[in-house]
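Undergrad: The following file, my_file.cif, comprises mmCIF, C-alpha atoms and all ligand atoms; chains and numbers go by the auth columns:
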data_start
loop_
_atom_site.group_PDB
_atom_site.id
_atom_site.type_symbol
_atom_site.label_atom_id
_atom_site.label_comp_id
_atom_site.label_asym_id
_atom_site.label_seq_id
_atom_site.Cartn_x
_atom_site.Cartn_y
_atom_site.Cartn_z
_atom_site.B_iso_or_equiv
_atom_site.auth_seq_id
_atom_site.auth_asym_id
ATOM 1 C CA MET A 1 104.001 99.466 116.268 0.00 1 A
ATOM 2 C CA THR A 2 104.890 102.989 117.252 0.00 2 A
ATOM 3 C CA ARG A 3 107.873 104.927 115.992 0.00 3 A
ATOM 4 C CA GLU A 4 109.473 104.440 119.441 0.00 4 A
ATOM 5 C CA GLU A 5 108.940 100.659 119.324 0.00 5 A
ATOM 6 C CA PHE A 6 110.440 100.557 115.851 0.00 6 A
ATOM 7 C CA ALA A 7 113.437 102.553 117.131 0.00 7 A
ATOM 8 C CA ALA A 8 113.782 100.086 120.029 0.00 8 A
ATOM 9 C CA ALA A 9 113.713 97.117 117.603 0.00 9 A
ATOM 10 C CA THR A 10 116.386 98.774 115.476 0.00 10 A
ATOM 11 C CA ALA A 11 118.478 99.386 118.596 0.00 11 A
ATOM 12 C CA GLY A 12 118.045 95.672 119.423 0.00 12 A
ATOM 13 C CA LEU A 13 119.595 94.716 116.083 0.00 13 A
ATOM 14 C CA LYS A 14 122.495 97.073 116.766 0.00 14 A
ATOM 15 C CA GLY A 15 122.911 95.357 120.169 0.00 15 A
ATOM 16 C CA ILE A 16 123.196 91.970 118.433 0.00 16 A
ATOM 17 C CA TYR A 17 125.881 93.324 116.128 0.00 17 A
ATOM 18 C CA ASP A 18 127.822 94.752 119.088 0.00 18 A
ATOM 19 C CA SER A 19 127.517 91.471 121.024 0.00 19 A
ATOM 20 C CA ILE A 20 128.865 89.476 118.053 0.00 20 A
ATOM 21 C CA LYS A 21 131.821 91.842 117.747 0.00 21 A
ATOM 22 C CA GLY A 22 132.450 91.496 121.489 0.00 22 A
ATOM 23 C CA ILE A 23 132.732 87.679 121.334 0.00 23 A
ATOM 24 C CA TYR A 24 136.221 87.933 119.809 0.00 24 A
ATOM 25 C CA THR A 25 137.506 89.792 122.877 0.00 25 A
ATOM 26 C CA LEU A 26 136.210 87.186 125.364 0.00 26 A
ATOM 27 C CA LYS A 27 138.892 84.953 126.883 0.00 27 A
ATOM 28 C CA THR A 28 136.995 82.008 128.387 0.00 28 A
ATOM 29 C CA GLU A 29 134.650 79.438 126.882 0.00 29 A
ATOM 30 C CA ALA A 30 132.087 80.215 129.631 0.00 30 A
ATOM 31 C CA ASP A 31 132.088 83.935 128.744 0.00 31 A
ATOM 32 C CA ARG A 32 131.678 83.086 125.021 0.00 32 A
ATOM 33 C CA ALA A 33 128.816 80.645 125.800 0.00 33 A
ATOM 34 C CA SER A 34 127.125 83.333 127.898 0.00 34 A
ATOM 35 C CA ALA A 35 127.576 85.891 125.102 0.00 35 A
ATOM 36 C CA ILE A 36 126.124 83.478 122.513 0.00 36 A
ATOM 37 C CA HIS A 37 123.138 82.873 124.780 0.00 37 A
ATOM 38 C CA ASP A 38 122.728 86.651 125.099 0.00 38 A
ATOM 39 C CA ILE A 39 122.856 87.023 121.296 0.00 39 A
ATOM 40 C CA ALA A 40 120.245 84.284 120.846 0.00 40 A
ATOM 41 C CA MET A 41 117.904 86.084 123.269 0.00 41 A
ATOM 42 C CA LYS A 42 118.419 89.411 121.510 0.00 42 A
ATOM 43 C CA ALA A 43 117.848 87.735 118.117 0.00 43 A
ATOM 44 C CA SER A 44 114.594 86.241 119.433 0.00 44 A
ATOM 45 C CA ASP A 45 113.434 89.671 120.648 0.00 45 A
ATOM 46 C CA ALA A 46 114.432 91.247 117.318 0.00 46 A
ATOM 47 C CA SER A 47 112.539 88.526 115.434 0.00 47 A
ATOM 48 C CA MET A 48 109.388 89.245 117.461 0.00 48 A
ATOM 49 C CA ALA A 49 109.815 92.985 116.872 0.00 49 A
ATOM 50 C CA LEU A 50 110.136 92.391 113.132 0.00 50 A
ATOM 51 C CA LEU A 51 106.959 90.283 113.105 0.00 51 A
ATOM 52 C CA GLU A 52 105.141 93.116 114.880 0.00 52 A
ATOM 53 C CA ALA A 53 106.578 95.625 112.411 0.00 53 A
ATOM 54 C CA ARG A 54 105.401 93.471 109.505 0.00 54 A
ATOM 55 C CA SER A 55 101.918 93.250 110.982 0.00 55 A
ATOM 56 C CA ALA A 56 101.830 97.022 111.546 0.00 56 A
ATOM 57 C CA MET A 57 103.026 97.598 107.986 0.00 57 A
ATOM 58 C CA GLU A 58 100.271 95.335 106.605 0.00 58 A
ATOM 59 C CA THR A 59 97.685 97.247 108.657 0.00 59 A
ATOM 60 C CA LEU A 60 99.011 100.574 107.367 0.00 60 A
ATOM 61 C CA SER A 61 99.050 99.231 103.823 0.00 61 A
ATOM 62 C CA ALA A 62 95.388 98.167 104.100 0.00 62 A
ATOM 63 C CA GLU A 63 94.465 101.559 105.585 0.00 63 A
ATOM 64 C CA ASN A 64 96.371 103.294 102.794 0.00 64 A
ATOM 65 C CA ALA A 65 94.513 101.276 100.139 0.00 65 A
ATOM 66 C CA GLN A 66 91.185 102.178 101.778 0.00 66 A
ATOM 67 C CA LEU A 67 92.122 105.868 101.904 0.00 67 A
ATOM 68 C CA ALA A 68 93.222 105.784 98.248 0.00 68 A
ATOM 69 C CA LYS A 69 89.824 104.291 97.331 0.00 69 A
ATOM 70 C CA VAL A 70 87.948 106.965 99.319 0.00 70 A
ATOM 71 C CA ASN A 71 90.121 109.671 97.765 0.00 71 A
ATOM 72 C CA ALA A 72 89.401 108.372 94.247 0.00 72 A
ATOM 73 C CA GLU A 73 85.643 108.347 94.997 0.00 73 A
ATOM 74 C CA LEU A 74 85.898 111.861 96.414 0.00 74 A
ATOM 75 C CA CYS A 75 87.787 113.121 93.354 0.00 75 A
ATOM 76 C CA ASN A 76 85.155 111.527 91.083 0.00 76 A
ATOM 77 C CA PHE A 77 82.357 113.111 93.099 0.00 77 A
ATOM 78 C CA MET A 78 83.970 116.556 93.178 0.00 78 A
ATOM 79 C CA GLY A 79 84.568 116.435 89.423 0.00 79 A
ATOM 80 C CA ASP A 80 80.965 115.348 88.837 0.00 80 A
ATOM 81 C CA LYS A 81 79.318 117.686 91.383 0.00 81 A
ATOM 82 C CA GLU A 82 78.840 120.603 88.988 0.00 82 A
ATOM 83 C CA ASN A 83 76.512 118.451 86.876 0.00 83 A
ATOM 84 C CA TYR A 84 73.849 118.582 89.611 0.00 84 A
ATOM 85 C CA THR A 85 71.616 121.414 90.806 0.00 85 A
ATOM 86 C CA LEU A 86 69.773 121.632 94.102 0.00 86 A
ATOM 87 C CA LYS A 87 66.058 122.158 93.455 0.00 87 A
ATOM 88 C CA ARG A 88 63.324 123.225 95.857 0.00 88 A
ATOM 89 C CA PHE A 89 59.932 121.605 95.475 0.00 89 A
ATOM 90 C CA ASN A 90 56.451 122.955 96.185 0.00 90 A
ATOM 91 C CA THR A 91 56.435 120.719 99.270 0.00 91 A
ATOM 92 C CA ASN A 92 59.513 122.562 100.592 0.00 92 A
ATOM 93 C CA GLY A 93 61.462 119.359 100.013 0.00 93 A
ATOM 94 C CA PHE A 94 64.880 119.520 98.402 0.00 94 A
ATOM 95 C CA ALA A 95 66.607 117.189 95.977 0.00 95 A
ATOM 96 C CA TYR A 96 69.371 117.383 93.425 0.00 96 A
ATOM 97 C CA VAL A 97 68.746 116.808 89.730 0.00 97 A
ATOM 98 C CA ASP A 98 71.264 115.889 87.055 0.00 98 A
ATOM 99 C CA ASN A 99 71.723 118.825 84.628 0.00 99 A
ATOM 100 C CA ARG A 100 72.844 116.503 81.839 0.00 100 A
ATOM 101 C CA LEU A 101 69.498 114.760 81.440 0.00 101 A
ATOM 102 C CA SER A 102 67.556 116.128 78.530 0.00 102 A
ATOM 103 C CA ASP A 103 63.977 117.187 79.079 0.00 103 A
ATOM 104 C CA ASP A 104 62.224 114.406 77.180 0.00 104 A
ATOM 105 C CA GLY A 105 59.133 114.546 79.361 0.00 105 A
ATOM 106 C CA SER A 106 60.097 111.629 81.546 0.00 106 A
ATOM 107 C CA GLN A 107 60.688 112.150 85.228 0.00 107 A
ATOM 108 C CA PRO A 108 64.432 112.635 85.877 0.00 108 A
ATOM 109 C CA PRO A 109 65.917 110.828 88.860 0.00 109 A
ATOM 110 C CA TYR A 110 66.183 112.857 92.035 0.00 110 A
ATOM 111 C CA PHE A 111 69.224 112.628 94.270 0.00 111 A
ATOM 112 C CA CYS A 112 69.162 112.796 98.057 0.00 112 A
ATOM 113 C CA ALA A 113 70.195 116.259 99.304 0.00 113 A
ATOM 114 C CA HIS A 114 71.355 114.811 102.631 0.00 114 A
ATOM 115 C CA CYS A 115 73.663 112.270 100.984 0.00 115 A
ATOM 116 C CA PHE A 116 74.895 114.897 98.530 0.00 116 A
ATOM 117 C CA GLY A 117 76.124 116.849 101.560 0.00 117 A
ATOM 118 C CA ASN A 118 78.041 113.709 102.514 0.00 118 A
ATOM 119 C CA LEU A 119 79.581 113.523 99.013 0.00 119 A
ATOM 120 C CA LYS A 120 77.396 110.673 97.751 0.00 120 A
ATOM 121 C CA ALA A 121 75.016 110.792 94.802 0.00 121 A
ATOM 122 C CA SER A 122 72.181 108.529 95.987 0.00 122 A
ATOM 123 C CA ILE A 123 69.047 108.212 93.845 0.00 123 A
ATOM 124 C CA LEU A 124 65.733 108.746 95.629 0.00 124 A
ATOM 125 C CA GLN A 125 63.258 105.937 94.983 0.00 125 A
ATOM 126 C CA PRO A 126 59.485 106.522 95.056 0.00 126 A
ATOM 127 C CA THR A 127 57.849 104.708 97.964 0.00 127 A
ATOM 128 C CA GLY A 128 54.474 104.480 96.237 0.00 128 A
ATOM 129 C CA GLU A 129 52.975 106.729 98.932 0.00 129 A
ATOM 130 C CA SER A 130 51.798 110.215 98.126 0.00 130 A
ATOM 131 C CA VAL A 131 50.123 113.232 99.676 0.00 131 A
ATOM 132 C CA GLY A 132 47.750 114.662 97.117 0.00 132 A
ATOM 133 C CA ARG A 133 49.757 114.786 93.902 0.00 133 A
ATOM 134 C CA ASP A 134 53.074 114.950 95.770 0.00 134 A
ATOM 135 C CA ARG A 135 54.981 111.698 96.032 0.00 135 A
ATOM 136 C CA LEU A 136 57.091 110.421 98.905 0.00 136 A
ATOM 137 C CA PHE A 137 60.598 109.247 98.042 0.00 137 A
ATOM 138 C CA LYS A 138 63.074 107.264 100.059 0.00 138 A
ATOM 139 C CA CYS A 139 66.858 107.341 99.978 0.00 139 A
ATOM 140 C CA ALA A 140 68.328 103.838 99.988 0.00 140 A
ATOM 141 C CA THR A 141 71.538 105.126 101.545 0.00 141 A
ATOM 142 C CA CYS A 142 70.425 107.277 104.493 0.00 142 A
ATOM 143 C CA ALA A 143 66.672 106.481 104.627 0.00 143 A
ATOM 144 C CA ALA A 144 65.701 110.175 104.248 0.00 144 A
ATOM 145 C CA LYS A 145 62.081 110.492 103.078 0.00 145 A
ATOM 146 C CA PRO A 146 61.480 113.760 101.221 0.00 146 A
ATOM 147 C CA LEU A 147 57.995 114.561 99.979 0.00 147 A
ATOM 148 C CA LEU A 148 58.441 115.878 96.444 0.00 148 A
ATOM 149 C CA GLY A 149 55.950 117.398 94.078 0.00 149 A
ATOM 150 C CA HIS A 150 57.094 119.698 91.352 0.00 150 A
ATOM 151 C CA ILE A 151 60.151 121.895 91.210 0.00 151 A
ATOM 152 C CA VAL A 152 59.537 125.533 92.081 0.00 152 A
ATOM 153 C CA SER A 153 63.139 126.776 92.027 0.00 153 A
HETATM 154 ZN ZN ZN B . 70.362 109.938 101.480 0.00 201 A
#
Using the file provided, produce a representation of the structure as structure tokens.
TA:
Amino acid sequence: MTREEFAAATAGLKGIYDSIKGIYTLKTEADRASAIHDIAMKASDASMALLEARSAMETLSAENAQLAKVNAELCNFMGDKENYTLKRFNTNGFAYVDNRLSDDGSQPPYFCAHCFGNLKASILQPTGESVGRDRLFKCATCAAKPLLGHIVS
């Protein structure tokens, strides 16, 4: 429902109020019956407009909840972003690594550079394929397939 439709529905309710007030000035039973019929029609239109308004409000409420969820994810990501560094590999592939992981000799997870640009931290999974000693990884989110060896910078 647009702002104009909502204004029209509100004007319809005002019309009902004016019609009810006008009944007291009518002199004949036929005029009063006609006015009551007119009020019933306006009330029916107003009822339909209110149902549409309710539906529009529910849609907006659902959209608002979705936007709040996206905003919360975005805020989490932005707050967390500084914990990652973009690294270049000897294969000229790029991936992000988590700065917080201690160097205990195990391979740290790599994060997809493409998804990082889209504000998502998506772990790259090894495909099992390799070229020489360089392994191929696959992003489960965007299906990017960087070939990664060792970090050069
Ligand atoms: Zn990705």
Undergrad: Find, counting all atoms listed in the file, the residue in A:Gly132, A:Gly117, A:Pro108, A:Pro126 that gets nearest to ligand ZN 201 (chain A).
TA: A:Gly117
Undergrad: Within 6 Å of ligand ZN 201 (chain A) (counting all atoms listed in the file), which residues show up? I'd like them as JSON, numbers by chain.
TA: {"A": [112, 114, 115, 122, 139, 141, 142, 143, 144]}
Undergrad: One decimal, Å: what's the distance from atom CA of A:Met57 over to atom CA of A:Ala72, could you say?
TA: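 Between these atoms lies a distance of 22.1 Å.
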Undergrad: For A:Phe77, find every residue with an atom within 9 Å (counting all atoms listed in the file), except residues of its own chain fewer than 5 positions away, and show them as an MDAnalysis selection string.
TA: chainID A and resid 72 119:121
Undergrad: Taking the file as I've supplied it (selection: the PyMOL selection byres (((chain A and resi 38) around 12) and not hetatm)), which residues are included? Please answer as a PyMOL selection string.
TA: chain A and resi 12+15-20+22-23+31-37+39-45
Undergrad: If I wrap all listed atoms of stretch 76-93 of chain A in a box with edges along x, y and z and add 3 Å on each side, what are its centre and edge lengths in Å to one decimal, as AutoDock Vina command-line options?
TA:
--center_x 70.8 --center_y 117.4 --center_z 93.7 --size_x 34.7 --size_y 17.7 --size_z 19.7
Undergrad: What is the distance between atom CA of A:Pro109 and atom CA of A:Gln125, in Å to one decimal?
TA: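 These two atoms are separated by 8.3 Å.
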Undergrad: For A:Glu82, work out the shell of residues within 12 Å, counting all atoms listed in the file and skipping chain neighbours fewer than 2 positions away, then give it as a list in words.
TA: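 Once the adjacent positions are removed, what remains is Asn76, Phe77, Met78, Gly79, Asp80, Tyr84, Thr85, Leu86, Tyr96, Val97, Asp98, Asn99, Arg100 and Phe116 of chain A.
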Undergrad: Residues within 12 Å of A:Ala56, please, as number ranges by chain. Count all atoms listed in the file; anything in the same chain fewer than 3 positions from it doesn't count.
TA: A: 1-3, 5-6, 49-53, 59-63
Undergrad: Which residue, A:Ala95, A:Ala65, A:Ala9, A:Leu147, has the smallest gap to A:Ser47 when you use only C-alpha atoms?
TA: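 Answer, going by the shortest atom-to-atom distance: A:Ala9.
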Undergrad: So that I can see what lies close to A:Ser153, please list as a ChimeraX atom specification the residues with an atom at most 9 Å from it, counting all atoms listed in the file and leaving out residues fewer than 6 positions away in the same chain.
TA: /A:86-90
